[in-house]
$ cat query.cif   # mmCIF, C-alpha atoms
data_entry
loop_
_atom_site.label_atom_id
_atom_site.label_comp_id
_atom_site.auth_asym_id
_atom_site.auth_seq_id
_atom_site.Cartn_x
_atom_site.Cartn_y
_atom_site.Cartn_z
CA MET Q 663 -6.35 -17.98 20.08
CA VAL Q 664 -7.26 -20.81 17.70
CA SER Q 665 -10.09 -18.73 16.25
CA ALA Q 666 -7.77 -15.73 15.77
CA ILE Q 667 -5.16 -17.88 14.01
CA ALA Q 668 -7.79 -19.41 11.72
CA SER Q 669 -9.30 -16.00 10.90
CA ALA Q 670 -5.93 -14.38 10.17
CA SER Q 671 -4.72 -17.32 8.09
CA SER Q 672 -7.93 -17.29 6.05
CA ALA Q 673 -7.63 -13.54 5.38
CA ILE Q 674 -3.98 -13.89 4.31
CA ALA Q 675 -4.85 -16.80 2.00
CA ALA Q 676 -7.66 -14.80 0.39
CA LEU Q 677 -5.39 -11.78 -0.11
CA ASN Q 678 -2.64 -13.97 -1.55
CA ALA Q 679 -5.04 -15.59 -4.02
CA ARG Q 680 -6.53 -12.27 -5.14
CA ILE Q 681 -3.29 -10.35 -5.58
CA SER Q 682 -1.74 -13.09 -7.70
CA VAL Q 683 -4.29 -12.50 -10.48
CA SER Q 684 -5.22 -8.84 -9.96
CA PRO Q 685 -4.68 -6.39 -12.85
CA VAL Q 686 -3.72 -3.72 -10.28
CA ALA Q 687 -1.19 -5.82 -8.36
CA SER Q 688 1.70 -3.43 -8.96
CA ALA Q 689 -0.26 -0.37 -7.83
CA TRP Q 690 -1.54 -2.25 -4.78
CA GLN Q 691 2.01 -3.34 -3.93
CA ARG Q 692 3.20 0.28 -3.94
CA ARG Q 693 0.37 1.44 -1.68
CA ALA Q 694 0.73 -1.61 0.57
CA SER Q 695 4.42 -0.87 1.11
CA TRP Q 696 3.48 2.58 2.47
CA SER Q 697 0.93 0.99 4.81
CA GLY Q 698 3.32 -1.69 6.05
CA TYR Q 699 6.16 0.76 6.59
CA ALA Q 700 3.84 3.05 8.56
CA ARG Q 701 2.95 0.18 10.86
CA ALA Q 702 6.62 -0.68 11.35
CA LEU Q 703 7.43 2.96 12.18
CA GLN Q 704 4.65 3.02 14.77
CA LEU Q 705 6.18 -0.05 16.42
CA GLN Q 706 9.41 1.98 16.59
CA SER Q 707 7.38 4.60 18.53
CA ALA Q 708 7.54 7.09 15.66
CA GLU Q 709 4.79 9.71 15.75
CA VAL Q 710 3.47 9.03 12.27
CA ASP Q 711 0.12 8.09 10.76
CA GLU Q 712 -0.52 6.04 7.66
CA ILE Q 713 -1.61 9.12 5.71
CA ASP Q 714 1.85 10.59 6.33
CA LEU Q 715 3.41 7.66 4.45
CA PHE Q 716 1.00 8.12 1.55
CA SER Q 717 1.92 11.81 1.56
CA TRP Q 718 5.64 10.98 1.54
CA GLY Q 719 5.23 8.28 -1.10
CA CYS Q 720 3.31 10.62 -3.39
CA GLY Q 721 5.81 13.42 -2.82
CA LEU Q 722 3.18 15.87 -1.64
CA GLN Q 723 2.96 17.54 1.78
CA ILE Q 724 -0.68 17.54 2.83
CA ALA Q 725 -1.97 20.89 3.98
CA GLY Q 726 -2.56 20.97 7.73
CA ARG Q 727 -0.35 17.98 8.50
CA ALA Q 728 2.75 18.53 10.63
CA ARG Q 729 6.01 18.22 8.72
CA GLN Q 730 8.22 15.28 9.64
CA SER Q 731 11.41 15.96 11.56
CA THR Q 732 14.43 16.72 9.39
CA THR Q 733 16.93 15.63 12.08
CA LEU Q 734 16.05 11.94 11.75
CA ASP Q 735 15.41 10.11 8.49
CA MET Q 736 12.53 7.76 9.28
CA PHE Q 737 12.47 6.47 5.72
CA ASP Q 738 16.11 5.44 5.43
CA ARG Q 739 15.25 1.73 5.24
CA PHE Q 740 12.34 2.03 2.83
CA GLU Q 741 14.24 1.72 -0.45
CA GLU Q 742 16.24 -1.25 0.85
CA TRP Q 743 13.02 -2.97 1.93
CA SER Q 744 11.18 -2.09 -1.26
CA THR Q 745 14.01 -3.55 -3.34
CA ALA Q 746 13.98 -6.74 -1.27
CA LEU Q 747 10.20 -7.07 -1.74
CA ALA Q 748 10.67 -7.11 -5.52
CA ASP Q 749 13.67 -9.46 -5.43
CA ARG Q 750 12.83 -12.97 -6.62
CA ASP Q 751 15.77 -14.41 -4.68
CA GLN Q 752 14.11 -15.80 -1.56
CA LEU Q 753 17.44 -15.91 0.26
CA ASN Q 754 17.96 -12.16 -0.08
CA TRP Q 755 16.24 -11.11 3.15
CA ARG Q 756 17.34 -14.13 5.19
CA GLY Q 757 20.83 -12.72 5.47
CA ARG Q 758 19.42 -9.98 7.73
CA VAL Q 759 17.70 -12.47 10.07
CA PRO Q 760 19.53 -14.18 12.98
CA ALA Q 761 20.54 -17.79 12.40
CA ASP Q 762 18.23 -20.61 13.49
CA ARG Q 763 18.26 -20.99 17.27
CA ALA Q 764 17.11 -23.75 19.59
CA ASP Q 765 14.04 -21.80 20.77
CA GLN Q 766 13.17 -21.06 17.14
CA ARG Q 767 13.41 -24.76 16.27
CA ASP Q 768 11.10 -25.54 19.20
CA ALA Q 769 8.50 -23.22 17.65
CA LYS Q 770 8.19 -25.50 14.61
CA GLN Q 771 5.61 -27.59 16.46
CA HIS Q 772 3.26 -24.59 16.36
CA PRO Q 773 1.13 -23.30 13.44
CA HIS Q 774 2.99 -21.50 10.69
CA LEU Q 775 1.56 -18.15 11.74
CA ILE Q 776 3.10 -18.53 15.19
CA GLN Q 777 6.40 -19.61 13.62
CA ALA Q 778 6.44 -16.46 11.50
CA PHE Q 779 5.88 -14.25 14.52
CA GLU Q 780 8.53 -16.17 16.46
CA ARG Q 781 11.07 -15.23 13.79
CA VAL Q 782 10.07 -11.60 14.19
CA ARG Q 783 10.24 -11.84 17.99
CA LEU Q 784 13.73 -13.33 18.06
CA HIS Q 785 14.95 -10.80 15.52
CA ALA Q 786 13.44 -7.91 17.50
CA ARG Q 787 15.24 -9.09 20.66
CA THR Q 788 18.64 -8.76 18.97
CA ASP Q 789 18.00 -5.84 16.60
CA SER Q 790 16.56 -2.53 17.81
CA THR Q 791 16.00 -1.15 14.29
CA ILE Q 792 12.88 -1.26 12.15
CA LEU Q 793 14.08 -4.35 10.26
CA PRO Q 794 12.39 -7.05 12.43
CA TRP Q 795 8.92 -5.57 11.84
CA LEU Q 796 9.63 -5.28 8.12
CA GLY Q 797 10.62 -8.95 8.06
CA LEU Q 798 7.17 -10.40 8.81
CA PRO Q 799 6.03 -10.49 5.13
CA PHE Q 800 9.15 -12.49 4.27
CA ALA Q 801 8.58 -14.92 7.15
CA LEU Q 802 5.00 -15.48 5.98
CA ARG Q 803 6.29 -16.12 2.45
CA ASP Q 804 9.03 -18.50 3.63
CA LEU Q 805 6.51 -20.56 5.61
CA GLY Q 806 4.16 -20.91 2.65
CA LEU Q 807 1.42 -18.59 3.88
CA SER Q 808 1.85 -16.38 0.80
CA ALA Q 809 3.43 -16.82 -2.60
CA ALA Q 810 5.31 -13.51 -2.33
CA PRO Q 811 5.90 -10.99 0.47
CA LEU Q 812 2.76 -8.94 1.11
CA PRO Q 813 4.13 -5.59 2.36
CA SER Q 814 0.97 -4.42 4.11
CA LEU Q 815 1.42 -7.34 6.55
CA ALA Q 816 4.56 -5.91 8.13
CA GLY Q 817 4.31 -5.59 11.90
CA GLY Q 818 4.19 -7.38 15.22
CA VAL Q 819 3.74 -6.04 18.75
CA LYS Q 820 6.11 -4.04 20.96
CA ALA Q 821 5.98 -6.80 23.58
CA PHE Q 822 8.09 -9.00 21.27
CA ARG Q 823 11.00 -6.64 21.91
CA LEU Q 824 10.24 -5.47 25.44
CA LYS Q 825 9.31 -8.76 27.09
CA GLY Q 826 11.48 -11.84 27.42
CA THR Q 827 8.37 -14.02 27.38
CA PRO Q 828 5.31 -12.41 25.80
CA GLY Q 829 2.02 -13.49 27.34
CA PRO Q 830 -1.06 -14.95 25.64
CA ASP Q 831 -2.59 -11.47 25.32
CA ASP Q 832 0.49 -10.28 23.43
CA TRP Q 833 0.33 -13.18 21.00
CA HIS Q 834 -3.40 -12.70 20.52
CA ALA Q 835 -2.88 -8.98 19.83
CA ALA Q 836 -0.22 -9.75 17.23
CA ILE Q 837 -2.37 -12.31 15.42
CA SER Q 838 -5.51 -10.16 15.57
CA SER Q 839 -3.71 -7.11 14.19
CA LEU Q 840 -2.28 -9.20 11.35
CA GLY Q 841 -5.74 -10.52 10.47
CA ALA Q 842 -7.15 -6.99 10.52
CA ALA Q 843 -4.33 -5.80 8.25
CA ALA Q 844 -5.04 -8.60 5.77
CA ARG Q 845 -8.77 -7.81 5.70
CA THR Q 846 -8.09 -4.08 5.24
CA SER Q 847 -5.71 -4.95 2.41
CA LEU Q 848 -8.43 -6.98 0.71
CA GLU Q 849 -10.88 -4.08 0.99
CA ARG Q 850 -8.34 -1.70 -0.50
CA LEU Q 851 -7.65 -4.11 -3.33
CA ASP Q 852 -11.40 -4.20 -4.01
CA HIS Q 853 -11.48 -0.38 -4.10
CA LEU Q 854 -8.44 -0.24 -6.39
CA GLU Q 855 -9.91 -2.75 -8.85
CA ARG Q 856 -13.23 -0.93 -8.85
CA GLN Q 857 -11.41 2.36 -9.40
CA ARG Q 858 -9.84 0.82 -12.50
CA ARG Q 859 -13.24 -0.27 -13.82
CA ASP Q 860 -14.78 3.13 -13.04
CA ALA Q 861 -11.89 4.82 -14.84
CA LEU Q 862 -12.47 2.73 -17.94
CA ARG Q 863 -16.19 3.58 -17.90
CA ALA Q 864 -15.42 7.28 -17.49
CA VAL Q 865 -12.95 7.22 -20.38
CA ALA Q 866 -15.39 5.31 -22.59
CA ALA Q 867 -18.09 7.89 -21.84
CA GLU Q 868 -15.87 10.81 -22.89
CA TYR Q 869 -16.06 12.06 -26.45
CA ARG Q 870 -12.47 13.24 -26.28
CA PRO Q 871 -10.77 11.66 -23.25
CA GLY Q 872 -7.39 13.19 -24.07
CA ALA Q 873 -5.05 12.97 -21.07
CA LEU Q 874 -7.71 11.44 -18.83
CA ILE Q 875 -6.39 7.94 -19.57
CA ARG Q 876 -2.91 8.87 -18.35
CA LEU Q 877 -4.32 10.65 -15.28
CA PHE Q 878 -6.53 7.71 -14.27
CA ALA Q 879 -3.62 5.32 -14.75
CA LEU Q 880 -1.43 7.56 -12.61
CA LEU Q 881 -4.04 7.66 -9.84
CA GLN Q 882 -3.74 3.91 -9.46
CA HIS Q 883 -0.13 4.40 -8.36
CA ARG Q 884 -0.34 7.87 -6.82
CA PRO Q 885 -3.75 8.49 -5.22
CA LEU Q 886 -2.72 11.89 -3.83
CA VAL Q 887 -2.07 14.56 -6.48
CA SER Q 888 -1.89 18.30 -7.10
CA PRO Q 889 -2.05 20.41 -10.28
CA GLN Q 890 1.66 21.18 -9.96
CA GLY Q 891 2.57 17.49 -9.68
CA ILE Q 892 0.31 16.48 -12.57
CA SER Q 893 1.81 19.27 -14.65
CA LYS Q 894 5.30 17.79 -14.19
CA MET Q 895 4.28 14.14 -14.53
CA LEU Q 896 2.11 14.55 -17.62
CA GLY Q 897 4.01 17.40 -19.28
CA MET Q 898 1.31 20.07 -19.39
CA SER Q 899 0.67 23.53 -17.98
CA VAL Q 900 -0.56 23.95 -14.41
CA ALA Q 901 -3.79 25.45 -15.78
CA GLY Q 902 -4.28 22.44 -18.04
CA ALA Q 903 -3.59 20.07 -15.15
CA SER Q 904 -6.15 21.91 -13.01
CA LYS Q 905 -8.81 21.50 -15.69
CA LEU Q 906 -7.91 17.82 -16.06
CA LEU Q 907 -8.29 17.28 -12.32
CA GLU Q 908 -11.67 19.03 -12.39
CA ARG Q 909 -12.79 16.54 -15.02
CA ALA Q 910 -11.65 13.71 -12.74
CA VAL Q 911 -13.63 15.23 -9.85
CA ASN Q 912 -16.74 15.46 -12.04
CA ALA Q 913 -16.27 11.78 -12.92
CA ASP Q 914 -16.15 10.91 -9.16
CA MET Q 915 -12.56 9.69 -9.48
CA LEU Q 916 -11.12 12.33 -7.13
CA VAL Q 917 -12.19 14.59 -4.30
CA GLU Q 918 -10.54 17.86 -3.34
CA ILE Q 919 -9.16 17.78 0.22
CA THR Q 920 -8.18 21.47 0.35
CA ALA Q 921 -10.44 24.51 0.49
CA ARG Q 922 -8.31 27.03 -1.33
CA ARG Q 923 -7.67 28.31 -4.83
CA SER Q 924 -3.89 27.83 -4.92
CA TRP Q 925 -1.87 24.68 -4.17
CA ARG Q 926 -4.96 22.49 -4.36
CA GLN Q 927 -4.72 18.80 -3.47
CA PHE Q 928 -6.86 15.85 -4.51
CA LEU Q 929 -7.26 12.31 -3.19
CA THR Q 930 -9.14 9.26 -4.43
CA PRO Q 931 -12.58 8.96 -2.74
CA ASP Q 932 -11.91 5.64 -0.98
CA LEU Q 933 -8.79 6.92 0.79
CA ALA Q 934 -10.34 10.33 1.42
CA ALA Q 935 -13.12 8.59 3.36
CA GLU Q 936 -10.76 6.20 5.13
CA PHE Q 937 -8.40 8.96 6.26
CA GLY Q 938 -11.22 11.23 7.42
CA PHE Q 939 -11.15 13.96 4.76
CA ILE Q 940 -14.76 13.27 3.79
CA THR Q 941 -17.64 11.57 5.57
CA ARG Q 942 -17.88 7.85 4.99
CA PRO Q 943 -21.04 6.94 3.06
CA VAL Q 944 -23.66 5.23 5.21
CA GLY Q 945 -25.98 2.41 4.26
CA ARG Q 946 -25.39 -0.14 1.57
CA PRO Q 947 -22.42 0.35 -0.76
CA ARG Q 948 -23.29 1.91 -4.09
CA SER Q 949 -24.06 -0.82 -6.61
CA GLU Q 950 -21.64 -1.07 -9.49
CA PRO Q 951 -22.97 -0.33 -12.98
CA PRO Q 952 -23.23 -3.34 -15.31
CA PRO Q 953 -20.18 -4.16 -17.46
CA LEU Q 954 -19.84 -2.25 -20.69
CA PRO Q 955 -20.72 -4.25 -23.81
CA PRO Q 956 -17.54 -5.53 -25.48
CA THR Q 957 -16.56 -3.59 -28.59
CA ARG Q 958 -13.36 -3.08 -30.51
CA ASP Q 959 -13.09 0.53 -29.30
CA LEU Q 960 -13.57 -0.56 -25.70
CA GLY Q 961 -10.89 -3.22 -26.08
CA GLU Q 962 -8.49 -0.59 -27.39
CA THR Q 963 -9.33 1.62 -24.39
CA PHE Q 964 -8.58 -1.24 -21.98
CA ASP Q 965 -5.27 -1.91 -23.73
CA ALA Q 966 -4.32 1.78 -23.73
CA PHE Q 967 -5.13 2.08 -20.02
CA ASP Q 968 -3.05 -0.97 -19.07
CA GLN Q 969 -0.17 0.27 -21.22
CA GLU Q 970 -0.29 3.64 -19.46
CA MET Q 971 -0.32 1.91 -16.07
CA ALA Q 972 2.74 -0.14 -17.01
CA ALA Q 973 4.54 2.94 -18.35
CA ILE Q 974 3.81 4.96 -15.20
CA ASP Q 975 4.85 2.01 -13.01
CA ALA Q 976 8.20 1.87 -14.83
CA LEU Q 977 8.58 5.66 -14.60
CA LEU Q 978 7.93 5.73 -10.84
CA ALA Q 979 10.24 2.77 -10.28
CA GLY Q 980 12.97 4.64 -12.16
CA ILE Q 981 12.42 7.74 -10.05
CA GLY Q 982 12.70 5.63 -6.90
CA GLN Q 983 15.96 4.07 -8.03
CA ARG Q 984 17.49 7.45 -8.85
CA SER Q 985 16.40 8.82 -5.48
CA ALA Q 986 17.99 5.83 -3.70
CA SER Q 987 21.29 6.28 -5.52
#

$ encode --input "query.cif" --output "structure tokens"
Amino acid sequence: MVSAIASASSAIAALNARISVSPVASAWQRRASWSGYARALQLQSAEVDEIDLFSWGCGLQIAGRARQSTTLDMFDRFEEWSTALADRDQLNWRGRVPADRADQRDAKQHPHLIQAFERVRLHARTDSTILPWLGLPFALRDLGLSAAPLPSLAGGVKAFRLKGTPGPDDWHAAISSLGAAARTSLERLDHLERQRRDALRAVAAEYRPGALIRLFALLQHRPLVSPQGISKMLGMSVAGASKLLERAVNADMLVEITARRSWRQFLTPDLAAEFGFITRPVGRPRSEPPPLPPTRDLGETFDAFDQEMAAIDALLAGIGQRSAS
């Protein structure tokens, strides 16, 4: 148990330190919220996989995946949670959590990680909704384990709700799963940052990059795309969007996950491998090319890419707010 606590705490600390200075923090936050919400839905016994949340978040039904039930809105709490994650008021979420109880005060003699899970456990015993599982990132933040809520760390174990007194195995499972989630989040942050660097290299290598900059910036926030979606987002014809996506495939920035001529769908290579659409590469990871030599043109490309990322982030946030209202 001590080893599991130390390992999970170390992984959370590393993720917290990295995300605070990452140039892709906003894009990671959006993807991490899909991952965390998927885990919370699974604890509610919903028949959903993580890829289904990415599909929902990107607004694209993946071919071959079963459609979600229309009689029950599994995502009804997502916008509320997403808004709370971005709220700088640390008291915002605490109004949803039960008041401090004697057994919760007794937990203060334990490590902070155990205290965070104890908050989730007590909340889950009095609230049968998804909210207790979504509250773990806020508990970790409140106890100083992270500077801000890390949405991919939502979760817990079903025993917190079903058992009056969870056993050591239940606590160990909760801590181990949290550590695994933090390590997976770090790996995905690595992939996202490398994707940004690869995108900049691909743009710099193009004689006329055109809309590639906007597409690569969009892929940071929406890794699952189709020609029809790109056509709407970037204001071009479907044929033009298809050609643009082919250029991204040739630059190893996308892989096609459908085998058909119409309604094609594309996913970033890291997630395509993780979700089983392509075979994971074996052996040592491919070495990264050396950094490009600094030039004025390259600096302008970096600036243009970051500006496009910020613009798309604002655009997607606006779409989310309109959908919520």

$ closest_residue --input "query.cif" --among "Q:His772, Q:Leu715, Q:Thr963, Q:Val911" --to "Q:Ala867" --atoms "all atoms listed in the file"
Q:Thr963

$ axis_aligned_box --input "query.cif" --around "stretch 788-801 of chain Q" --padding-each-side "4 Å" --output "AutoDock Vina command-line options"
--center_x 12.3 --center_y -8.0 --center_z 11.6 --size_x 20.6 --size_y 21.8 --size_z 22.7

$ resolve_selection --input "query.cif" --expression "the PyMOL selection byres ((chain Q and resi 676-687) around 7)" --output "JSON, numbers by chain"
{"Q": [672, 673, 674, 675, 688, 689, 690, 691, 808, 809, 844, 848, 855]}

$ closest_residue --input "query.cif" --among "Q:Arg870, Q:His785, Q:Arg926, Q:Lys894" --to "Q:Leu907" --atoms "all atoms listed in the file"
Q:Arg926

$ resolve_selection --input "query.cif" --expression "the PyMOL selection byres ((chain Q and resi 813) around 10)" --output "MDAnalysis selection string"
chainID Q and resid 690:699 743:744 747 796:800 810:812 814:817 847

$ closest_residue --input "query.cif" --among "Q:Val865, Q:Leu705, Q:Ala842, Q:Ile724" --to "Q:Arg823" --atoms "all atoms listed in the file"
Q:Leu705

$ closest_residue --input "query.cif" --among "Q:Ala861, Q:Ala976, Q:Leu722, Q:Ala778" --to "Q:Ala801" --atoms "all atoms listed in the file"
Q:Ala778

$ closest_residue --input "query.cif" --among "Q:Thr941, Q:Thr920, Q:Asn912, Q:Thr930" --to "Q:Ala725" --atoms "only C-alpha atoms"
Q:Thr920

$ closest_residue --input "query.cif" --among "Q:Thr791, Q:Gln723, Q:Gln857, Q:Thr846" --to "Q:Asp738" --atoms "all atoms listed in the file"
Q:Thr791

$ residues_around --input "query.cif" --residues "Q:Leu933" --least-positions-apart "4" --cutoff "12 Å" --atoms "only C-alpha atoms" --output "VMD selection string"
chain Q and resid 693 712 to 713 716 to 717 846 849 to 851 853 to 854 857 881 to 882 884 to 886 915 to 919 928 to 929 937 to 942

$ atom_distance --input "query.cif" --atom1 "atom CA of Q:Ser888" --atom2 "atom CA of Q:Ala903"
8.4 Å

$ atom_distance --input "query.cif" --atom1 "atom CA of Q:Val782" --atom2 "atom CA of Q:Lys820"
10.9 Å

$ resolve_selection --input "query.cif" --expression "the PyMOL selection byres ((chain Q and resi 966) around 12)" --output "list in words"
Leu862, Val865, Ala866, Pro871, Gly872, Ala873, Leu874, Ile875, Arg876, Phe878, Ala879, Asp959, Leu960, Gly961, Glu962, Thr963, Phe964, Asp965, Phe967, Asp968, Gln969, Glu970, Met971, Ala972 and Ala973 of chain Q

$ write_last_selection --input "query.cif" --atoms "C-alpha atoms" --output "PDB file, keeping the file's coordinate frame"
ATOM      1  CA  LEU Q 862     -12.470   2.730 -17.940  1.00  0.00           C
ATOM      2  CA  VAL Q 865     -12.950   7.220 -20.380  1.00  0.00           C
ATOM      3  CA  ALA Q 866     -15.390   5.310 -22.590  1.00  0.00           C
ATOM      4  CA  PRO Q 871     -10.770  11.660 -23.250  1.00  0.00           C
ATOM      5  CA  GLY Q 872      -7.390  13.190 -24.070  1.00  0.00           C
ATOM      6  CA  ALA Q 873      -5.050  12.970 -21.070  1.00  0.00           C
ATOM      7  CA  LEU Q 874      -7.710  11.440 -18.830  1.00  0.00           C
ATOM      8  CA  ILE Q 875      -6.390   7.940 -19.570  1.00  0.00           C
ATOM      9  CA  ARG Q 876      -2.910   8.870 -18.350  1.00  0.00           C
ATOM     10  CA  PHE Q 878      -6.530   7.710 -14.270  1.00  0.00           C
ATOM     11  CA  ALA Q 879      -3.620   5.320 -14.750  1.00  0.00           C
ATOM     12  CA  ASP Q 959     -13.090   0.530 -29.300  1.00  0.00           C
ATOM     13  CA  LEU Q 960     -13.570  -0.560 -25.700  1.00  0.00           C
ATOM     14  CA  GLY Q 961     -10.890  -3.220 -26.080  1.00  0.00           C
ATOM     15  CA  GLU Q 962      -8.490  -0.590 -27.390  1.00  0.00           C
ATOM     16  CA  THR Q 963      -9.330   1.620 -24.390  1.00  0.00           C
ATOM     17  CA  PHE Q 964      -8.580  -1.240 -21.980  1.00  0.00           C
ATOM     18  CA  ASP Q 965      -5.270  -1.910 -23.730  1.00  0.00           C
ATOM     19  CA  PHE Q 967      -5.130   2.080 -20.020  1.00  0.00           C
ATOM     20  CA  ASP Q 968      -3.050  -0.970 -19.070  1.00  0.00           C
ATOM     21  CA  GLN Q 969      -0.170   0.270 -21.220  1.00  0.00           C
ATOM     22  CA  GLU Q 970      -0.290   3.640 -19.460  1.00  0.00           C
ATOM     23  CA  MET Q 971      -0.320   1.910 -16.070  1.00  0.00           C
ATOM     24  CA  ALA Q 972       2.740  -0.140 -17.010  1.00  0.00           C
ATOM     25  CA  ALA Q 973       4.540   2.940 -18.350  1.00  0.00           C
TER      26      ALA Q 973
END

$ atom_distance --input "query.cif" --atom1 "atom CA of Q:Lys825" --atom2 "atom CA of Q:Ser838"
18.8 Å

$ residues_around --input "query.cif" --residues "Q:Leu824" --least-positions-apart "3" --cutoff "12 Å" --atoms "all atoms listed in the file" --output "list in words"
Leu705, Gln706, Arg783, Leu784, Ala786, Arg787, Thr788, Asp789, Ser790, Val819, Lys820, Ala821, Thr827, Pro828, Gly829 and Asp832 of chain Q

$ build_atoms --input "query.cif" --residues "stretch 680-687 of chain Q" --atoms "all heavy atoms" --output "JSON list (two decimals), in the frame of the given file"
[["chain", "number", "residue", "atom", "x", "y", "z"],
["Q", 680, "ARG", "N", -6.02, -13.40, -4.34],
["Q", 680, "ARG", "CA", -6.53, -12.27, -5.14],
["Q", 680, "ARG", "C", -5.40, -11.50, -5.80],
["Q", 680, "ARG", "O", -5.47, -11.14, -6.97],
["Q", 680, "ARG", "CB", -7.34, -11.34, -4.25],
["Q", 680, "ARG", "CG", -8.75, -11.84, -3.93],
["Q", 680, "ARG", "CD", -9.71, -11.58, -5.08],
["Q", 680, "ARG", "NE", -9.71, -10.18, -5.46],
["Q", 680, "ARG", "CZ", -10.38, -9.23, -4.80],
["Q", 680, "ARG", "NH1", -11.11, -9.54, -3.73],
["Q", 680, "ARG", "NH2", -10.35, -7.97, -5.21],
["Q", 681, "ILE", "N", -4.35, -11.21, -5.05],
["Q", 681, "ILE", "CA", -3.29, -10.35, -5.58],
["Q", 681, "ILE", "C", -2.51, -11.04, -6.68],
["Q", 681, "ILE", "O", -1.94, -10.39, -7.56],
["Q", 681, "ILE", "CB", -2.34, -9.89, -4.44],
["Q", 681, "ILE", "CG1", -1.57, -8.64, -4.87],
["Q", 681, "ILE", "CG2", -1.40, -11.00, -4.04],
["Q", 681, "ILE", "CD1", -2.44, -7.44, -5.13],
["Q", 682, "SER", "N", -2.51, -12.36, -6.69],
["Q", 682, "SER", "CA", -1.74, -13.09, -7.70],
["Q", 682, "SER", "C", -2.36, -12.97, -9.09],
["Q", 682, "SER", "O", -1.67, -13.22, -10.09],
["Q", 682, "SER", "CB", -1.61, -14.57, -7.31],
["Q", 682, "SER", "OG", -2.89, -15.18, -7.27],
["Q", 683, "VAL", "N", -3.63, -12.60, -9.18],
["Q", 683, "VAL", "CA", -4.29, -12.50, -10.48],
["Q", 683, "VAL", "C", -4.87, -11.11, -10.73],
["Q", 683, "VAL", "O", -5.53, -10.89, -11.74],
["Q", 683, "VAL", "CB", -5.43, -13.54, -10.60],
["Q", 683, "VAL", "CG1", -4.88, -14.95, -10.56],
["Q", 683, "VAL", "CG2", -6.48, -13.35, -9.50],
["Q", 684, "SER", "N", -4.61, -10.16, -9.84],
["Q", 684, "SER", "CA", -5.22, -8.84, -9.96],
["Q", 684, "SER", "C", -4.53, -8.00, -11.03],
["Q", 684, "SER", "O", -3.29, -7.97, -11.11],
["Q", 684, "SER", "CB", -5.15, -8.11, -8.62],
["Q", 684, "SER", "OG", -5.67, -6.79, -8.74],
["Q", 685, "PRO", "N", -5.30, -7.27, -11.85],
["Q", 685, "PRO", "CA", -4.68, -6.39, -12.85],
["Q", 685, "PRO", "C", -4.06, -5.14, -12.23],
["Q", 685, "PRO", "O", -3.38, -4.38, -12.93],
["Q", 685, "PRO", "CB", -5.87, -6.02, -13.75],
["Q", 685, "PRO", "CG", -7.07, -6.13, -12.87],
["Q", 685, "PRO", "CD", -6.78, -7.27, -11.93],
["Q", 686, "VAL", "N", -4.29, -4.90, -10.94],
["Q", 686, "VAL", "CA", -3.72, -3.72, -10.28],
["Q", 686, "VAL", "C", -2.71, -4.13, -9.22],
["Q", 686, "VAL", "O", -2.45, -3.37, -8.28],
["Q", 686, "VAL", "CB", -4.84, -2.86, -9.66],
["Q", 686, "VAL", "CG1", -5.78, -2.32, -10.73],
["Q", 686, "VAL", "CG2", -5.63, -3.65, -8.61],
["Q", 687, "ALA", "N", -2.10, -5.30, -9.38],
["Q", 687, "ALA", "CA", -1.19, -5.82, -8.36],
["Q", 687, "ALA", "C", -0.03, -4.87, -8.09],
["Q", 687, "ALA", "O", 0.36, -4.66, -6.93],
["Q", 687, "ALA", "CB", -0.67, -7.19, -8.79]]
